[in-house]
$ cat coords.cif   # mmCIF, C-alpha atoms and all ligand atoms
data_run
loop_
_atom_site.label_atom_id
_atom_site.label_comp_id
_atom_site.auth_asym_id
_atom_site.auth_seq_id
_atom_site.Cartn_x
_atom_site.Cartn_y
_atom_site.Cartn_z
CA MET A 1 43.92 -152.49 139.17
CA MET A 2 47.27 -153.65 137.81
CA GLU A 3 48.05 -152.49 134.28
CA THR A 4 49.01 -155.37 131.98
CA LYS A 5 52.00 -154.72 129.78
CA GLN A 6 51.07 -155.22 126.09
CA LYS A 7 53.56 -157.40 124.24
CA LYS A 8 54.99 -155.45 121.33
CA GLU A 9 54.82 -156.83 117.83
CA THR A 10 58.20 -157.78 116.33
CA ARG A 11 59.00 -157.25 112.66
CA ARG A 12 61.78 -159.62 111.75
CA ILE A 13 63.72 -158.92 108.56
CA ASN A 14 65.60 -162.10 107.65
CA ILE A 15 68.63 -161.41 105.48
CA GLY A 16 70.20 -163.84 103.01
CA ILE A 17 73.66 -163.39 101.54
CA ILE A 18 74.52 -164.74 98.07
CA GLY A 19 78.30 -164.88 97.57
CA CYS A 20 80.45 -165.39 100.67
CA GLY A 21 83.70 -163.92 99.32
CA HIS A 22 85.80 -160.81 99.84
CA ILE A 23 83.19 -158.02 100.06
CA SER A 24 80.72 -160.21 101.96
CA GLN A 25 83.00 -159.95 105.00
CA ASN A 26 82.32 -156.20 105.19
CA HIS A 27 78.58 -156.59 104.74
CA ILE A 28 78.21 -159.56 107.09
CA PHE A 29 80.21 -157.82 109.83
CA SER A 30 78.17 -154.62 109.33
CA LEU A 31 74.88 -156.51 109.38
CA THR A 32 75.77 -158.25 112.65
CA LEU A 33 76.35 -154.77 114.10
CA VAL A 34 73.04 -153.51 112.70
CA GLU A 35 71.34 -156.56 114.23
CA ALA A 36 73.07 -156.03 117.58
CA ASN A 37 72.13 -152.34 117.66
CA ALA A 38 68.54 -152.72 116.37
CA ARG A 39 67.07 -151.85 119.80
CA LYS A 40 68.78 -148.44 119.73
CA ILE A 41 68.50 -147.76 115.99
CA TRP A 42 64.74 -148.37 115.75
CA LYS A 43 64.01 -147.14 119.32
CA TRP A 44 62.18 -150.23 120.60
CA LYS A 45 61.21 -148.49 123.84
CA GLU A 46 59.26 -145.76 122.08
CA SER A 47 58.01 -147.47 118.93
CA GLU A 48 55.02 -149.76 118.54
CA ILE A 49 56.94 -152.37 116.57
CA LYS A 50 60.33 -153.88 117.34
CA ILE A 51 62.35 -153.87 114.11
CA ARG A 52 64.63 -156.86 114.16
CA PRO A 53 66.95 -157.46 111.17
CA HIS A 54 68.49 -160.89 111.35
CA LEU A 55 71.38 -162.44 109.43
CA TYR A 56 69.61 -165.64 108.39
CA ALA A 57 71.17 -167.49 105.44
CA TYR A 58 74.29 -167.82 103.29
CA ALA A 59 74.56 -169.18 99.76
CA ASP A 60 77.67 -169.84 97.72
CA ILE A 61 78.69 -172.15 94.95
CA LEU A 62 81.62 -173.23 97.17
CA GLU A 63 80.95 -175.19 100.35
CA ASP A 64 84.10 -173.91 102.06
CA ALA A 65 83.07 -170.28 101.51
CA VAL A 66 79.77 -170.85 103.34
CA LYS A 67 81.25 -173.03 106.09
CA ASN A 68 84.11 -170.66 106.83
CA MET A 69 81.80 -167.66 106.98
CA ALA A 70 79.38 -169.53 109.24
CA LYS A 71 82.27 -170.33 111.63
CA SER A 72 82.96 -166.62 112.14
CA PHE A 73 79.38 -165.39 111.81
CA PRO A 74 76.91 -168.18 112.65
CA ILE A 75 73.76 -168.48 110.60
CA ASP A 76 70.40 -170.33 110.58
CA LYS A 77 70.55 -171.76 107.05
CA GLN A 78 73.24 -172.60 104.51
CA PHE A 79 72.84 -173.20 100.78
CA VAL A 80 75.68 -174.69 98.76
CA GLY A 81 76.22 -175.49 95.08
CA LYS A 82 75.23 -174.32 91.63
CA ASN A 83 71.63 -173.50 92.57
CA ALA A 84 72.39 -172.20 96.04
CA GLY A 85 71.58 -168.55 95.22
CA PHE A 86 68.18 -169.40 93.73
CA GLU A 87 67.35 -171.77 96.61
CA LEU A 88 68.08 -168.95 99.05
CA ILE A 89 65.89 -166.56 97.04
CA GLU A 90 63.04 -169.08 97.04
CA ASP A 91 63.20 -169.65 100.80
CA PRO A 92 59.94 -168.13 102.10
CA ASP A 93 61.63 -167.09 105.37
CA VAL A 94 64.15 -164.82 103.57
CA HIS A 95 62.91 -161.24 103.30
CA ALA A 96 65.98 -159.39 102.01
CA VAL A 97 68.86 -160.55 99.82
CA PHE A 98 72.42 -159.24 99.42
CA ILE A 99 73.91 -160.11 96.03
CA LEU A 100 77.70 -160.19 96.43
CA THR A 101 78.80 -162.49 93.62
CA PRO A 102 81.11 -161.78 90.68
CA THR A 103 79.55 -159.11 88.51
CA TYR A 104 78.22 -161.23 85.59
CA LEU A 105 75.76 -162.95 87.94
CA HIS A 106 74.21 -159.79 89.39
CA LYS A 107 71.33 -159.19 87.01
CA GLU A 108 69.92 -162.72 87.04
CA PHE A 109 69.97 -162.92 90.84
CA VAL A 110 68.59 -159.38 91.25
CA LEU A 111 65.61 -160.03 88.95
CA ALA A 112 64.91 -163.45 90.47
CA ALA A 113 64.91 -161.97 93.98
CA LEU A 114 62.83 -158.87 93.15
CA ASN A 115 60.29 -161.05 91.32
CA GLN A 116 60.05 -163.31 94.40
CA GLY A 117 59.07 -160.18 96.36
CA LYS A 118 62.42 -159.89 98.20
CA HIS A 119 64.14 -156.62 98.98
CA VAL A 120 67.51 -156.52 97.24
CA PHE A 121 70.91 -154.96 97.83
CA CYS A 122 73.31 -155.60 94.94
CA GLU A 123 76.97 -154.71 94.75
CA LYS A 124 78.15 -152.51 91.90
CA PRO A 125 78.42 -152.61 88.96
CA LEU A 126 74.86 -153.75 88.33
CA CYS A 127 74.61 -154.95 84.73
CA PHE A 128 75.43 -154.04 81.13
CA PRO A 129 74.64 -152.08 79.03
CA PRO A 130 73.19 -149.42 81.40
CA SER A 131 69.77 -149.67 79.70
CA GLU A 132 69.50 -153.16 81.28
CA ILE A 133 69.09 -151.42 84.65
CA ASP A 134 65.59 -150.46 83.45
CA ALA A 135 64.53 -154.09 83.94
CA ILE A 136 65.66 -153.84 87.58
CA ILE A 137 63.76 -150.58 88.05
CA LYS A 138 60.66 -152.14 86.51
CA ALA A 139 60.86 -155.23 88.72
CA ARG A 140 61.44 -153.05 91.81
CA ASP A 141 58.37 -150.95 91.04
CA SER A 142 56.02 -153.73 89.96
CA ASN A 143 56.86 -155.90 92.99
CA HIS A 144 56.96 -152.90 95.31
CA VAL A 145 60.18 -153.97 97.05
CA VAL A 146 63.33 -152.05 97.96
CA PHE A 147 66.32 -152.10 95.64
CA GLN A 148 69.63 -150.47 96.62
CA PRO A 149 72.82 -150.54 94.51
CA GLY A 150 76.18 -150.81 96.28
CA LEU A 151 77.35 -147.29 95.51
CA VAL A 152 79.11 -146.95 98.79
CA MET A 153 80.48 -143.39 98.41
CA ARG A 154 76.90 -142.22 98.99
CA SER A 155 77.18 -143.63 102.50
CA THR A 156 80.57 -142.15 103.38
CA SER A 157 80.25 -139.24 105.77
CA PRO A 158 83.06 -137.13 104.14
CA ILE A 159 81.12 -136.99 100.84
CA HIS A 160 78.06 -135.60 102.63
CA TYR A 161 80.15 -133.26 104.74
CA LEU A 162 81.99 -131.90 101.69
CA GLN A 163 78.64 -131.25 100.06
CA LEU A 164 77.68 -129.21 103.14
CA LEU A 165 81.02 -127.34 103.29
CA THR A 166 80.85 -126.53 99.57
CA GLU A 167 77.35 -125.10 100.02
CA GLN A 168 78.14 -123.22 103.25
CA ASN A 169 81.38 -121.68 101.98
CA LYS A 170 80.20 -120.63 98.52
CA VAL A 171 81.14 -117.00 99.14
CA LYS A 172 84.20 -117.58 101.32
CA TRP A 173 85.92 -120.25 99.19
CA GLY A 174 84.72 -119.03 95.80
CA LYS A 175 83.71 -121.30 92.96
CA PRO A 176 84.86 -124.93 92.78
CA MET A 177 87.24 -125.11 89.79
CA ASN A 178 89.27 -128.26 89.29
CA ILE A 179 89.36 -131.70 90.86
CA VAL A 180 92.45 -133.87 90.59
CA PHE A 181 91.77 -137.54 91.32
CA ARG A 182 94.34 -140.30 91.28
CA ASP A 183 93.50 -143.93 91.96
CA SER A 184 96.30 -146.46 92.21
CA GLN A 185 95.32 -150.00 93.12
CA GLN A 186 97.22 -153.27 93.05
CA LYS A 187 95.80 -155.56 90.34
CA PRO A 188 92.76 -157.08 92.09
CA TYR A 189 93.00 -160.41 90.28
CA LEU A 190 96.27 -161.93 91.54
CA GLY A 191 94.61 -164.61 93.69
CA GLU A 192 96.24 -165.26 97.05
CA LEU A 193 99.01 -162.74 96.30
CA GLU A 194 96.64 -159.84 96.88
CA VAL A 195 93.84 -158.86 99.30
CA HIS A 196 90.90 -159.63 96.99
CA ASN A 197 92.07 -163.24 96.84
CA SER A 198 90.34 -163.99 93.54
CA THR A 199 91.11 -163.98 89.80
CA TRP A 200 87.77 -163.33 88.03
CA ARG A 201 88.41 -159.56 87.58
CA LYS A 202 90.82 -160.24 84.71
CA ASP A 203 88.14 -162.16 82.76
CA GLN A 204 85.88 -159.92 80.69
CA THR A 205 83.08 -162.52 80.64
CA GLN A 206 82.85 -162.27 84.45
CA ALA A 207 83.90 -158.69 85.19
CA TYR A 208 82.76 -157.00 81.94
CA SER A 209 85.51 -154.37 82.23
CA GLY A 210 88.38 -153.10 84.37
CA ILE A 211 89.20 -150.31 86.79
CA LEU A 212 86.48 -147.85 85.71
CA PHE A 213 83.50 -150.05 86.54
CA GLU A 214 85.29 -151.97 89.27
CA HIS A 215 86.72 -149.07 91.29
CA VAL A 216 86.37 -145.57 89.84
CA ILE A 217 82.56 -145.86 89.58
CA HIS A 218 82.48 -145.00 93.30
CA ASP A 219 84.49 -141.83 92.81
CA ILE A 220 82.56 -140.62 89.77
CA ASP A 221 79.30 -141.28 91.63
CA GLY A 222 80.59 -139.55 94.78
CA MET A 223 81.62 -136.43 92.84
CA ILE A 224 78.23 -136.37 91.07
CA SER A 225 76.53 -136.44 94.46
CA ILE A 226 78.45 -133.25 95.40
CA PHE A 227 78.81 -131.35 92.12
CA GLY A 228 75.73 -132.46 90.14
CA GLU A 229 75.23 -133.50 86.56
CA VAL A 230 77.92 -134.15 83.96
CA GLU A 231 78.10 -132.30 80.64
CA GLU A 232 80.69 -134.40 78.77
CA VAL A 233 83.57 -136.84 79.17
CA TYR A 234 86.85 -137.38 77.36
CA ALA A 235 89.01 -140.43 78.04
CA LYS A 236 92.15 -142.32 77.06
CA ILE A 237 91.96 -146.00 77.96
CA ASN A 238 94.80 -148.54 78.01
CA TYR A 239 95.10 -152.28 78.49
CA PHE A 240 98.74 -152.69 79.54
CA ALA A 241 98.40 -156.10 81.22
CA GLY A 242 96.85 -157.48 78.02
CA HIS A 243 93.62 -158.90 79.47
CA PRO A 244 91.02 -158.28 76.73
CA GLY A 245 88.44 -155.69 77.76
CA ILE A 246 89.99 -155.18 81.20
CA GLU A 247 91.32 -151.62 81.17
CA ASP A 248 94.09 -150.98 83.69
CA SER A 249 94.98 -147.39 82.84
CA VAL A 250 92.61 -144.48 82.39
CA ALA A 251 93.20 -140.77 81.95
CA SER A 252 89.94 -138.91 81.68
CA ILE A 253 88.35 -135.48 82.00
CA ILE A 254 84.80 -135.33 83.30
CA THR A 255 83.27 -131.89 82.81
CA PHE A 256 80.33 -131.08 85.07
CA LYS A 257 77.45 -128.87 83.92
CA ASN A 258 78.66 -126.18 86.33
CA GLY A 259 82.03 -126.05 84.55
CA ILE A 260 84.18 -127.99 87.02
CA ASN A 261 86.71 -130.33 85.41
CA LEU A 262 87.46 -133.58 87.20
CA SER A 263 90.67 -135.14 85.90
CA ILE A 264 91.00 -138.83 86.60
CA SER A 265 94.19 -140.81 86.49
CA ALA A 266 93.47 -144.40 87.46
CA MET A 267 95.54 -147.54 87.22
CA TRP A 268 95.91 -151.13 88.27
CA ASN A 269 99.56 -152.03 88.76
CA ASP A 270 101.84 -154.35 90.76
CA LEU A 271 102.60 -151.99 93.64
CA ASP A 272 101.61 -153.20 97.09
CA TYR A 273 99.49 -150.08 97.42
CA ASP A 274 95.80 -149.11 97.21
CA CYS A 275 95.12 -145.41 97.56
CA ARG A 276 92.64 -142.81 96.35
CA TYR A 277 93.96 -139.26 96.31
CA TYR A 278 91.87 -136.13 95.66
CA GLU A 279 92.63 -132.44 95.46
CA ILE A 280 89.51 -130.30 95.11
CA TYR A 281 90.37 -126.71 94.19
CA PHE A 282 88.11 -123.74 94.82
CA GLU A 283 89.10 -120.15 93.95
CA LYS A 284 90.39 -119.58 97.50
CA ALA A 285 90.55 -123.01 99.11
CA ARG A 286 91.70 -126.57 98.58
CA ILE A 287 90.43 -129.83 100.06
CA THR A 288 92.80 -132.81 100.01
CA ILE A 289 91.53 -136.33 100.62
CA ILE A 290 93.79 -139.34 101.03
CA SER A 291 91.99 -142.65 101.38
CA ASP A 292 94.41 -145.52 101.83
CA GLY A 293 92.61 -148.83 101.28
CA ARG A 294 95.07 -150.62 103.58
CA SER A 295 94.66 -148.17 106.48
CA LYS A 296 92.16 -148.57 109.33
CA LYS A 297 91.30 -144.88 109.04
CA LEU A 298 88.70 -144.19 106.35
CA ALA A 299 90.43 -141.04 105.07
CA GLU A 300 92.63 -138.10 105.95
CA ILE A 301 90.92 -134.88 104.88
CA LYS A 302 92.62 -131.49 104.99
CA LEU A 303 91.50 -127.96 104.24
CA LEU A 304 93.76 -125.15 103.06
CA TYR A 305 92.23 -121.66 102.95
CA LEU A 306 94.24 -118.75 101.50
CA ASP A 307 97.33 -118.25 103.64
CA GLU A 308 95.93 -119.91 106.77
CA ALA A 309 97.59 -123.03 108.17
CA GLU A 310 96.22 -126.23 106.66
CA ILE A 311 93.86 -128.04 109.04
CA GLU A 312 92.71 -131.66 109.24
CA LEU A 313 88.94 -132.11 109.32
CA ASP A 314 87.41 -134.24 112.07
CA LEU A 315 85.93 -137.55 110.87
CA GLU A 316 83.79 -137.94 113.99
CA LYS A 317 82.13 -134.60 113.31
CA MET A 318 81.47 -135.72 109.74
CA ASP A 319 79.86 -138.95 110.98
CA GLU A 320 77.63 -136.99 113.38
CA TYR A 321 76.52 -134.67 110.58
CA PHE A 322 75.88 -137.59 108.20
CA PHE A 323 73.75 -139.66 110.59
CA SER A 324 71.69 -136.55 111.42
CA LYS A 325 71.24 -135.81 107.74
CA ILE A 326 69.90 -139.31 107.04
CA GLY A 327 67.42 -138.97 109.89
CA LEU A 328 69.27 -141.17 112.40
CA PRO A 329 70.99 -138.66 114.74
CA HIS A 330 70.98 -141.20 117.60
CA VAL A 331 73.09 -143.67 115.58
CA LYS A 332 76.89 -143.93 115.85
CA ALA A 333 79.27 -145.05 113.12
CA GLU A 334 80.17 -148.18 115.21
CA VAL A 335 82.99 -149.15 112.85
CA SER A 336 85.37 -147.30 110.54
CA GLY A 337 84.35 -147.39 106.89
CA PRO A 338 81.07 -146.88 105.10
CA TYR A 339 79.55 -150.37 104.89
CA TYR A 340 77.76 -150.16 108.25
CA ALA A 341 75.94 -147.00 107.17
CA GLU A 342 75.29 -148.43 103.71
CA ASP A 343 73.69 -151.61 105.06
CA LEU A 344 71.79 -149.76 107.77
CA ARG A 345 70.28 -147.47 105.13
CA PHE A 346 69.14 -150.47 103.10
CA ILE A 347 67.40 -152.04 106.11
CA ASN A 348 65.95 -148.66 107.04
CA ALA A 349 64.56 -148.25 103.51
CA ILE A 350 62.74 -151.57 104.06
CA VAL A 351 61.42 -150.32 107.40
CA LYS A 352 60.27 -147.04 105.85
CA ASN A 353 58.84 -148.77 102.76
CA ASN A 354 61.02 -146.50 100.60
CA ILE A 355 61.41 -148.81 97.62
CA LYS A 356 63.77 -146.51 95.71
CA SER A 357 66.01 -146.25 98.80
CA GLU A 358 68.11 -143.12 99.32
CA ILE A 359 70.65 -144.60 96.91
CA THR A 360 68.66 -145.21 93.77
CA ALA A 361 68.98 -147.58 90.83
CA GLU A 362 68.40 -144.48 88.69
CA SER A 363 71.57 -142.80 89.99
CA ALA A 364 73.47 -146.06 89.48
CA LYS A 365 72.27 -146.09 85.86
CA TYR A 366 73.56 -142.54 85.43
CA ALA A 367 77.01 -143.50 86.78
CA HIS A 368 77.05 -146.54 84.46
CA GLU A 369 76.20 -144.29 81.49
CA ILE A 370 79.07 -141.93 82.26
CA ILE A 371 81.54 -144.81 82.36
CA GLU A 372 80.20 -146.24 79.10
CA ALA A 373 80.71 -142.74 77.61
CA CYS A 374 84.37 -142.88 78.77
CA TYR A 375 84.85 -146.12 76.80
CA GLU A 376 83.13 -144.59 73.78
CA SER A 377 85.36 -141.53 74.03
CA GLY A 378 88.44 -143.77 74.28
CA ARG A 379 87.38 -145.71 71.15
CA LYS A 380 86.48 -142.66 69.06
CA GLY A 381 89.08 -140.20 70.41
CA VAL A 382 86.48 -137.46 70.91
CA PRO A 383 84.58 -136.00 73.88
CA ILE A 384 81.13 -137.55 74.43
CA LYS A 385 78.11 -135.53 75.59
CA ILE A 386 76.10 -136.97 78.46
CA GLN A 387 72.31 -137.22 78.33
CA PRO A 388 70.46 -135.40 81.14
CA PHE A 389 69.81 -137.39 84.33
CA LEU A 390 66.22 -138.62 84.30
CA ASN A 391 65.15 -139.43 87.82
N1 LIG B 401 81.54 -151.71 96.91
C1 LIG B 401 82.75 -152.14 97.10
O1 LIG B 401 83.54 -151.49 97.77
C2 LIG B 401 83.16 -153.46 96.51
C3 LIG B 401 84.40 -154.00 96.86
C4 LIG B 401 84.74 -155.25 96.35
C5 LIG B 401 83.88 -155.91 95.49
N2 LIG B 401 82.71 -155.32 95.12
C6 LIG B 401 81.80 -156.02 94.19
O2 LIG B 401 81.23 -157.13 94.88
C7 LIG B 401 81.08 -158.25 94.02
C8 LIG B 401 81.83 -159.45 94.62
O3 LIG B 401 83.22 -159.17 94.68
P1 LIG B 401 84.19 -159.97 95.67
O4 LIG B 401 85.48 -159.28 95.67
O5 LIG B 401 83.52 -160.21 96.98
O6 LIG B 401 84.31 -161.35 94.88
P2 LIG B 401 84.77 -162.74 95.50
O7 LIG B 401 85.22 -163.57 94.36
O8 LIG B 401 85.70 -162.55 96.63
O9 LIG B 401 83.42 -163.33 96.11
C9 LIG B 401 82.35 -163.79 95.31
C10 LIG B 401 81.73 -165.03 95.94
O10 LIG B 401 80.64 -165.44 95.11
C11 LIG B 401 80.67 -166.85 94.99
N3 LIG B 401 79.98 -167.29 93.78
C12 LIG B 401 80.46 -167.37 92.51
N4 LIG B 401 79.51 -167.84 91.68
C13 LIG B 401 78.41 -168.05 92.44
C14 LIG B 401 77.10 -168.55 92.18
N5 LIG B 401 76.72 -168.91 90.94
N6 LIG B 401 76.23 -168.66 93.20
C15 LIG B 401 76.58 -168.31 94.47
N7 LIG B 401 77.83 -167.84 94.78
C16 LIG B 401 78.70 -167.72 93.79
C17 LIG B 401 82.16 -167.19 94.96
O11 LIG B 401 82.40 -168.54 95.29
C18 LIG B 401 82.69 -166.22 96.02
O12 LIG B 401 82.68 -166.79 97.31
C19 LIG B 401 81.63 -157.81 92.67
O13 LIG B 401 80.58 -157.41 91.84
C20 LIG B 401 82.51 -156.62 92.99
O14 LIG B 401 82.58 -155.70 91.94
C21 LIG B 401 82.34 -154.13 95.63
#

$ encode --input "coords.cif" --output "structure tokens" --more "lines below"
Ligand SMILES: NC(=O)c1ccc[n+]([C@@H]2O[C@H](COP(=O)([O-])OP(=O)(O)OC[C@H]3O[C@@H](n4cnc5c(N)ncnc54)[C@H](O)[C@@H]3O)[C@@H](O)[C@H]2O)c1
Amino acid sequence: MMETKQKKETRRINIGIIGCGHISQNHIFSLTLVEANARKIWKWKESEIKIRPHLYAYADILEDAVKNMAKSFPIDKQFVGKNAGFELIEDPDVHAVFILTPTYLHKEFVLAALNQGKHVFCEKPLCFPPSEIDAIIKARDSNHVVFQPGLVMRSTSPIHYLQLLTEQNKVKWGKPMNIVFRDSQQKPYLGELEVHNSTWRKDQTQAYSGILFEHVIHDIDGMISIFGEVEEVYAKINYFAGHPGIEDSVASIITFKNGINLSISAMWNDLDYDCRYYEIYFEKARITIISDGRSKKLAEIKLLYLDEAEIELDLEKMDEYFFSKIGLPHVKAEVSGPYYAEDLRFINAIVKNNIKSEITAESAKYAHEIIEACYESGRKGVPIKIQPFLN
């Protein structure tokens, strides 16, 4: 007798994007790759259900933003105008929502989407003050849907690989001692003159604050993921460009509970330049990371050990380690940069019904609290103790 092939059930995850601007290009491109690779990622041949994420809808207040995006990355549905984001959230065929609007709109969209039972990815920063993130956590838990904040350093393979190297070489390298971090970025609010191609980041009512929440949050969060909890912070904050509340110069010392001091020197200026630079010193070794925002290569990472010749670490090896660590050893990076992995992890959290996701709202709240403590330190001129991380 001939065996009849059973048709497999398909689980479609329709994704809606709110805000078709600068960062949406990274997410939309990454999501098309996740969609194209779904067969391999979720092993359709072996599994009982075919997981099928699908880029489904765009919403933006501006018609051109939606239309232009749809020309490059076609879509089933488009929502335009003042209510576009809420209309997308209310669409019963949308299962997951990416919130990629200017910062001041995040919280309202996040809560509306979670309360409609949608899974939500929201770009950083989330909302202010950090205690407001509790409302997001509550809505995530009561609606039992996934929420993932856009803390992208947690999806960069070098961060995970450095965590491994630090652990593996505890005896050989000695204790981690000092971290020097310098972040120089061209003012991201110069409109067409600069890659962000927008101006809202100089307006406190839309951005809330400047370089710390807008850029350095990633670095603070990344270092926390390697070196653990923070004991106290001390910061000097300046507003050279004169936009109220938008700090463009920060010198800060973040002291971790294990004694490591991270010194941060961060600024927005007029140089046509966007580069993060780290030196991580151990007693017998040094790791240098150069991440040039305008380069196709994610980062150049070098290791110096005692008097040995400095060597460059292999990014491909780091990617292999990272995808194994997150339980997807059969997945390739596909594209340089962390957004593919970040978006894939969000969809995978939906598949696994892991509502906290591997990148939690709780850890985002902790990073927000540390930055708020930097502002407090700047205002008062004293170091500020950090409350323990409550998971
Ligand atoms: N993780 C990262 O690496 C990273 C990088 C850049 C930006 N971001 C964050 O992403 C968010 C968006 O930044 P961006 O640079 O893409 O901004 P952007 O201005 O380029 O894009 C925002 C889009 O949202 C649209 N929009 C504005 N109001 C809206 C509304 N009420 N309803 C629907 N759409 C609306 C705008 O028209 C625009 O198209 C910010 O919170 C920013 O901090 C994160």

$ closest_residue --input "coords.cif" --among "A:Asp343, A:Asp270, A:Glu376, A:Asp248" --to "ligand LIG 401 (chain B)" --atoms "all atoms listed in the file"
A:Asp343

$ atom_distance --input "coords.cif" --atom1 "atom CA of A:Glu369" --atom2 "atom CA of A:Glu229"
12.0 Å

$ closest_atom_pairs --input "coords.cif" --of "chain A" --to "ligand LIG 401 (chain B)" --cutoff "7 Å" --atoms "all atoms listed in the file" --output "CSV"
residue,atom,partner,partner_atom,distance
A:Ile18,CA,B:LIG401,C15,5.5
A:Gly19,CA,B:LIG401,O10,3.4
A:Cys20,CA,B:LIG401,O12,4.3
A:Gly21,CA,B:LIG401,O9,3.3
A:His22,CA,B:LIG401,O8,3.7
A:Ile23,CA,B:LIG401,O5,3.8
A:Ser24,CA,B:LIG401,O5,5.7
A:Ala59,CA,B:LIG401,C15,5.7
A:Asp60,CA,B:LIG401,N7,3.6
A:Ile61,CA,B:LIG401,N7,4.4
A:Leu62,CA,B:LIG401,O11,5.1
A:Ala65,CA,B:LIG401,O12,5.5
A:Lys82,CA,B:LIG401,N5,5.7
A:Asn83,CA,B:LIG401,N6,6.7
A:Ala84,CA,B:LIG401,C15,5.9
A:Gly85,CA,B:LIG401,C15,5.1
A:Leu100,CA,B:LIG401,C8,4.6
A:Thr101,CA,B:LIG401,O10,3.8
A:Pro102,CA,B:LIG401,C19,4.5
A:Thr103,CA,B:LIG401,O13,3.9
A:Leu105,CA,B:LIG401,N5,6.7
A:Glu123,CA,B:LIG401,O2,4.9
A:Lys124,CA,B:LIG401,O14,5.5
A:Pro125,CA,B:LIG401,O14,6.0
A:Gly150,CA,B:LIG401,N1,5.5
A:Leu151,CA,B:LIG401,N1,6.2
A:Val152,CA,B:LIG401,N1,5.7
A:His196,CA,B:LIG401,O4,5.6
A:Asn197,CA,B:LIG401,O8,6.4
A:Ser198,CA,B:LIG401,O7,5.2
A:Trp200,CA,B:LIG401,O7,6.8
A:Glu214,CA,B:LIG401,O14,5.3

$ residues_around --input "coords.cif" --residues "A:His144" --least-positions-apart "3" --cutoff "12 Å" --atoms "all atoms listed in the file" --output "PyMOL selection string"
chain A and resi 114-120+136-141+147+350+353-357

$ closest_residue --input "coords.cif" --among "A:Asp219, A:Asp314, A:Glu358, A:Glu48" --to "A:Ser263" --atoms "only C-alpha atoms"
A:Asp219

$ atom_distance --input "coords.cif" --atom1 "atom CA of A:Phe227" --atom2 "atom CA of A:Lys284"
17.4 Å

$ residues_around --input "coords.cif" --residues "A:Tyr277" --least-positions-apart "2" --cutoff "12 Å" --atoms "only C-alpha atoms" --output "PDB file with C-alpha atoms, in the frame of the given file"
ATOM      1  CA  ILE A 179      89.360-131.700  90.860  1.00  0.00           C
ATOM      2  CA  VAL A 180      92.450-133.870  90.590  1.00  0.00           C
ATOM      3  CA  PHE A 181      91.770-137.540  91.320  1.00  0.00           C
ATOM      4  CA  ARG A 182      94.340-140.300  91.280  1.00  0.00           C
ATOM      5  CA  ASP A 183      93.500-143.930  91.960  1.00  0.00           C
ATOM      6  CA  SER A 184      96.300-146.460  92.210  1.00  0.00           C
ATOM      7  CA  GLN A 185      95.320-150.000  93.120  1.00  0.00           C
ATOM      8  CA  VAL A 216      86.370-145.570  89.840  1.00  0.00           C
ATOM      9  CA  ASP A 219      84.490-141.830  92.810  1.00  0.00           C
ATOM     10  CA  SER A 263      90.670-135.140  85.900  1.00  0.00           C
ATOM     11  CA  ILE A 264      91.000-138.830  86.600  1.00  0.00           C
ATOM     12  CA  SER A 265      94.190-140.810  86.490  1.00  0.00           C
ATOM     13  CA  ALA A 266      93.470-144.400  87.460  1.00  0.00           C
ATOM     14  CA  ASP A 274      95.800-149.110  97.210  1.00  0.00           C
ATOM     15  CA  CYS A 275      95.120-145.410  97.560  1.00  0.00           C
ATOM     16  CA  GLU A 279      92.630-132.440  95.460  1.00  0.00           C
ATOM     17  CA  ILE A 280      89.510-130.300  95.110  1.00  0.00           C
ATOM     18  CA  ILE A 287      90.430-129.830 100.060  1.00  0.00           C
ATOM     19  CA  THR A 288      92.800-132.810 100.010  1.00  0.00           C
ATOM     20  CA  ILE A 289      91.530-136.330 100.620  1.00  0.00           C
ATOM     21  CA  ILE A 290      93.790-139.340 101.030  1.00  0.00           C
ATOM     22  CA  SER A 291      91.990-142.650 101.380  1.00  0.00           C
ATOM     23  CA  ASP A 292      94.410-145.520 101.830  1.00  0.00           C
ATOM     24  CA  GLY A 293      92.610-148.830 101.280  1.00  0.00           C
ATOM     25  CA  ALA A 299      90.430-141.040 105.070  1.00  0.00           C
ATOM     26  CA  GLU A 300      92.630-138.100 105.950  1.00  0.00           C
ATOM     27  CA  ILE A 301      90.920-134.880 104.880  1.00  0.00           C
ATOM     28  CA  LYS A 302      92.620-131.490 104.990  1.00  0.00           C
TER      29      LYS A 302
END

$ atom_distance --input "coords.cif" --atom1 "atom CA of A:Met177" --atom2 "atom CA of A:Phe282"
5.3 Å

$ closest_residue --input "coords.cif" --among "A:Ile133, A:Cys374, A:Ala349, A:Leu31" --to "A:Val146" --atoms "all atoms listed in the file"
A:Ala349

$ residues_around --input "coords.cif" --residues "A:Asp203" --least-positions-apart "6" --cutoff "10 Å" --atoms "all atoms listed in the file" --output "list of chain:residue names"
A:Tyr189, A:Ser209, A:Gly210, A:His243, A:Pro244, A:Gly245, A:Ile246

$ closest_residue --input "coords.cif" --among "A:Leu164, A:Ala241, A:Lys352, A:Tyr234" --to "A:Phe322" --atoms "all atoms listed in the file"
A:Leu164

$ closest_residue --input "coords.cif" --among "A:Ile49, A:Val97, A:Leu262, A:Ala38" --to "A:Arg11" --atoms "all atoms listed in the file"
A:Ile49

$ closest_residue --input "coords.cif" --among "A:Val80, A:Glu132, A:Ala367, A:Ser142" --to "A:Met223" --atoms "only C-alpha atoms"
A:Ala367

$ residues_near_point --input "coords.cif" --point "(82.7, -140.9, 75.2)" --cutoff "10 Å" --atoms "all atoms listed in the file" --output "MDAnalysis selection string"
chainID A and resid 232:236 252 369:386
